[in-house]
>>> print(open('run.pdb').read())   # PDB, C-alpha atoms
ATOM      1  CA  ALA A   1      66.576  75.672  95.148  1.00  0.00           C
ATOM      2  CA  SER A   2      69.350  75.802  92.571  1.00  0.00           C
ATOM      3  CA  LEU A   3      71.812  77.171  95.109  1.00  0.00           C
ATOM      4  CA  ALA A   4      71.088  74.260  97.430  1.00  0.00           C
ATOM      5  CA  THR A   5      71.534  71.707  94.668  1.00  0.00           C
ATOM      6  CA  ALA A   6      74.687  73.450  93.475  1.00  0.00           C
ATOM      7  CA  HIS A   7      76.419  72.478  96.677  1.00  0.00           C
ATOM      8  CA  ASN A   8      75.007  68.958  96.580  1.00  0.00           C
ATOM      9  CA  CYS A   9      76.637  67.925  93.281  1.00  0.00           C
ATOM     10  CA  PRO A  10      79.985  67.092  94.941  1.00  0.00           C
ATOM     11  CA  ASN A  11      78.199  64.973  97.561  1.00  0.00           C
ATOM     12  CA  GLU A  12      76.387  63.078  94.819  1.00  0.00           C
ATOM     13  CA  MET A  13      79.693  62.475  93.015  1.00  0.00           C
ATOM     14  CA  LYS A  14      81.271  61.183  96.247  1.00  0.00           C
ATOM     15  CA  ALA A  15      78.359  58.779  96.774  1.00  0.00           C
ATOM     16  CA  ILE A  16      78.729  57.487  93.214  1.00  0.00           C
ATOM     17  CA  ASP A  17      82.506  57.125  93.590  1.00  0.00           C
ATOM     18  CA  ALA A  18      82.039  55.139  96.806  1.00  0.00           C
ATOM     19  CA  ALA A  19      79.447  52.849  95.201  1.00  0.00           C
ATOM     20  CA  LEU A  20      81.690  52.266  92.183  1.00  0.00           C
ATOM     21  CA  THR A  21      84.246  50.548  94.408  1.00  0.00           C
ATOM     22  CA  THR A  22      81.789  47.818  95.403  1.00  0.00           C
ATOM     23  CA  THR A  23      79.346  47.588  92.504  1.00  0.00           C
ATOM     24  CA  LYS A  24      78.676  44.326  90.700  1.00  0.00           C
ATOM     25  CA  LEU A  25      77.375  45.979  87.530  1.00  0.00           C
ATOM     26  CA  ALA A  26      78.209  44.463  84.168  1.00  0.00           C
ATOM     27  CA  SER A  27      80.946  46.185  82.194  1.00  0.00           C
ATOM     28  CA  ALA A  28      78.589  48.011  79.798  1.00  0.00           C
ATOM     29  CA  GLU A  29      76.441  49.327  82.662  1.00  0.00           C
ATOM     30  CA  LEU A  30      79.544  50.331  84.592  1.00  0.00           C
ATOM     31  CA  ASP A  31      80.801  52.315  81.593  1.00  0.00           C
ATOM     32  CA  LYS A  32      77.420  54.096  81.380  1.00  0.00           C
ATOM     33  CA  VAL A  33      77.514  54.975  85.093  1.00  0.00           C
ATOM     34  CA  LYS A  34      81.048  56.348  84.764  1.00  0.00           C
ATOM     35  CA  ALA A  35      80.040  58.393  81.712  1.00  0.00           C
ATOM     36  CA  LEU A  36      77.047  59.852  83.571  1.00  0.00           C
ATOM     37  CA  ARG A  37      79.247  60.677  86.562  1.00  0.00           C
ATOM     38  CA  THR A  38      81.777  62.435  84.298  1.00  0.00           C
ATOM     39  CA  GLU A  39      78.966  64.313  82.563  1.00  0.00           C
ATOM     40  CA  GLY A  40      77.549  65.354  85.932  1.00  0.00           C
ATOM     41  CA  GLU A  41      80.901  66.724  87.041  1.00  0.00           C
ATOM     42  CA  LYS A  42      81.307  68.624  83.758  1.00  0.00           C
ATOM     43  CA  PHE A  43      77.866  70.218  84.135  1.00  0.00           C
ATOM     44  CA  HIS A  44      78.652  71.099  87.770  1.00  0.00           C
ATOM     45  CA  LYS A  45      81.861  72.884  86.747  1.00  0.00           C
ATOM     46  CA  GLU A  46      79.928  74.764  84.051  1.00  0.00           C
ATOM     47  CA  GLY A  47      77.364  75.927  86.616  1.00  0.00           C
ATOM     48  CA  LYS A  48      74.594  73.797  85.074  1.00  0.00           C
ATOM     49  CA  HIS A  49      73.521  72.251  88.343  1.00  0.00           C
ATOM     50  CA  SER A  50      70.094  70.964  87.348  1.00  0.00           C
ATOM     51  CA  GLU A  51      71.674  69.090  84.407  1.00  0.00           C
ATOM     52  CA  SER A  52      74.405  67.848  86.745  1.00  0.00           C
ATOM     53  CA  MET A  53      71.912  66.527  89.286  1.00  0.00           C
ATOM     54  CA  LYS A  54      69.926  64.826  86.517  1.00  0.00           C
ATOM     55  CA  ALA A  55      72.996  62.955  85.198  1.00  0.00           C
ATOM     56  CA  LEU A  56      74.226  62.106  88.697  1.00  0.00           C
ATOM     57  CA  GLY A  57      70.744  60.964  89.709  1.00  0.00           C
ATOM     58  CA  GLU A  58      70.585  58.611  86.736  1.00  0.00           C
ATOM     59  CA  ALA A  59      74.004  57.171  87.675  1.00  0.00           C
ATOM     60  CA  LYS A  60      72.858  56.686  91.277  1.00  0.00           C
ATOM     61  CA  LYS A  61      69.687  54.961  90.110  1.00  0.00           C
ATOM     62  CA  MET A  62      71.727  52.519  88.018  1.00  0.00           C
ATOM     63  CA  LEU A  63      73.934  51.835  91.056  1.00  0.00           C
ATOM     64  CA  GLY A  64      70.894  51.305  93.266  1.00  0.00           C
ATOM     65  CA  ILE A  65      71.720  54.161  95.641  1.00  0.00           C
TER      66      ILE A  65
END
>>> encode(input="run.pdb", output="structure tokens")
Amino acid sequence: ASLATAHNCPNEMKAIDAALTTTKLASAELDKVKALRTEGEKFHKEGKHSESMKALGEAKKMLGI
């Protein structure tokens, strides 16, 4: 399962990036989403894919995707 999610992190980041271009979130929420997305990418690069998916999932939830 971790190998499958390892390859999904970039797709999650792309989905978040796309949603960020159209989101109507308030500034504070937007900053939180961006921080979670950055954290998710950092974890992905470190090979910590479950942590990455958790952070990216939280960002997606805030964006409503």
>>> closest_residue(input="run.pdb", among="A:Phe43, A:Lys54, A:Pro10, A:Ile16", to="Leu30 of chain A", atoms="all atoms listed in the file")
A:Ile16
>>> atom_distance(input="run.pdb", atom1="atom CA of His49 of chain A", atom2="atom CA of Asp31 of chain A")
22.3 Å
>>> atom_distance(input="run.pdb", atom1="atom CA of Lys24 of chain A", atom2="atom CA of Lys45 of chain A")
29.0 Å
>>> resolve_selection(input="run.pdb", expression="the PyMOL selection byres ((chain A and resi 20) around 12)", output="NGL selection string")
:A and (13-19 or 21-27 or 29-34 or 37 or 59-60 or 62-65)
>>> residues_around(input="run.pdb", residues="Ser52 of chain A", least_positions_apart="5", cutoff="8 Å", atoms="all atoms listed in the file", output="list in words")
Cys9, Glu39, Gly40, Glu41, Lys42, Phe43 and His44 of chain A
>>> decode(input="run.pdb", residues="segment 18-39 of chain A", atoms="N, CA and C atoms", output="CSV table (one decimal), in the first residue's frame")
chain,number,residue,atom,x,y,z
A,18,ALA,N,-4.2,23.0,-8.5
A,18,ALA,CA,-5.3,23.4,-9.4
A,18,ALA,C,-6.4,24.1,-8.6
A,19,ALA,N,-6.8,23.5,-7.5
A,19,ALA,CA,-7.9,24.1,-6.6
A,19,ALA,C,-7.5,25.4,-6.1
A,20,LEU,N,-6.2,25.6,-5.8
A,20,LEU,CA,-5.7,26.9,-5.2
A,20,LEU,C,-6.0,28.1,-6.2
A,21,THR,N,-6.0,27.8,-7.5
A,21,THR,CA,-6.2,28.9,-8.5
A,21,THR,C,-7.6,29.4,-8.5
A,22,THR,N,-8.6,28.6,-8.0
A,22,THR,CA,-10.0,29.0,-8.0
A,22,THR,C,-10.7,29.1,-6.6
A,23,THR,N,-9.9,28.9,-5.6
A,23,THR,CA,-10.5,28.8,-4.2
A,23,THR,C,-11.0,30.2,-3.8
A,24,LYS,N,-12.0,30.2,-2.9
A,24,LYS,CA,-12.5,31.4,-2.3
A,24,LYS,C,-12.2,31.4,-0.8
A,25,LEU,N,-11.2,30.7,-0.4
A,25,LEU,CA,-10.9,30.6,1.0
A,25,LEU,C,-10.4,31.9,1.5
A,26,ALA,N,-10.7,32.2,2.8
A,26,ALA,CA,-10.2,33.4,3.5
A,26,ALA,C,-8.6,33.3,3.5
A,27,SER,N,-8.0,34.4,3.7
A,27,SER,CA,-6.5,34.5,3.7
A,27,SER,C,-5.9,33.5,4.7
A,28,ALA,N,-6.4,33.5,5.9
A,28,ALA,CA,-5.8,32.6,6.9
A,28,ALA,C,-5.9,31.1,6.6
A,29,GLU,N,-7.1,30.8,6.0
A,29,GLU,CA,-7.3,29.4,5.6
A,29,GLU,C,-6.4,29.0,4.4
A,30,LEU,N,-6.3,30.0,3.5
A,30,LEU,CA,-5.5,29.8,2.3
A,30,LEU,C,-4.0,29.5,2.7
A,31,ASP,N,-3.5,30.3,3.7
A,31,ASP,CA,-2.2,30.2,4.2
A,31,ASP,C,-2.0,28.8,4.8
A,32,LYS,N,-3.0,28.3,5.5
A,32,LYS,CA,-2.9,26.9,6.2
A,32,LYS,C,-2.9,25.9,5.1
A,33,VAL,N,-3.7,26.0,4.0
A,33,VAL,CA,-3.7,25.0,3.0
A,33,VAL,C,-2.3,25.0,2.3
A,34,LYS,N,-1.8,26.2,2.0
A,34,LYS,CA,-0.5,26.2,1.4
A,34,LYS,C,0.6,25.6,2.2
A,35,ALA,N,0.5,25.8,3.5
A,35,ALA,CA,1.5,25.3,4.5
A,35,ALA,C,1.4,23.7,4.5
A,36,LEU,N,0.2,23.2,4.5
A,36,LEU,CA,0.0,21.8,4.5
A,36,LEU,C,0.5,21.2,3.1
A,37,ARG,N,0.3,21.9,2.1
A,37,ARG,CA,0.7,21.4,0.7
A,37,ARG,C,2.3,21.3,0.7
A,38,THR,N,2.9,22.4,1.3
A,38,THR,CA,4.4,22.4,1.3
A,38,THR,C,4.9,21.3,2.2
A,39,GLU,N,4.2,21.1,3.3
A,39,GLU,CA,4.6,20.0,4.3
A,39,GLU,C,4.5,18.7,3.6
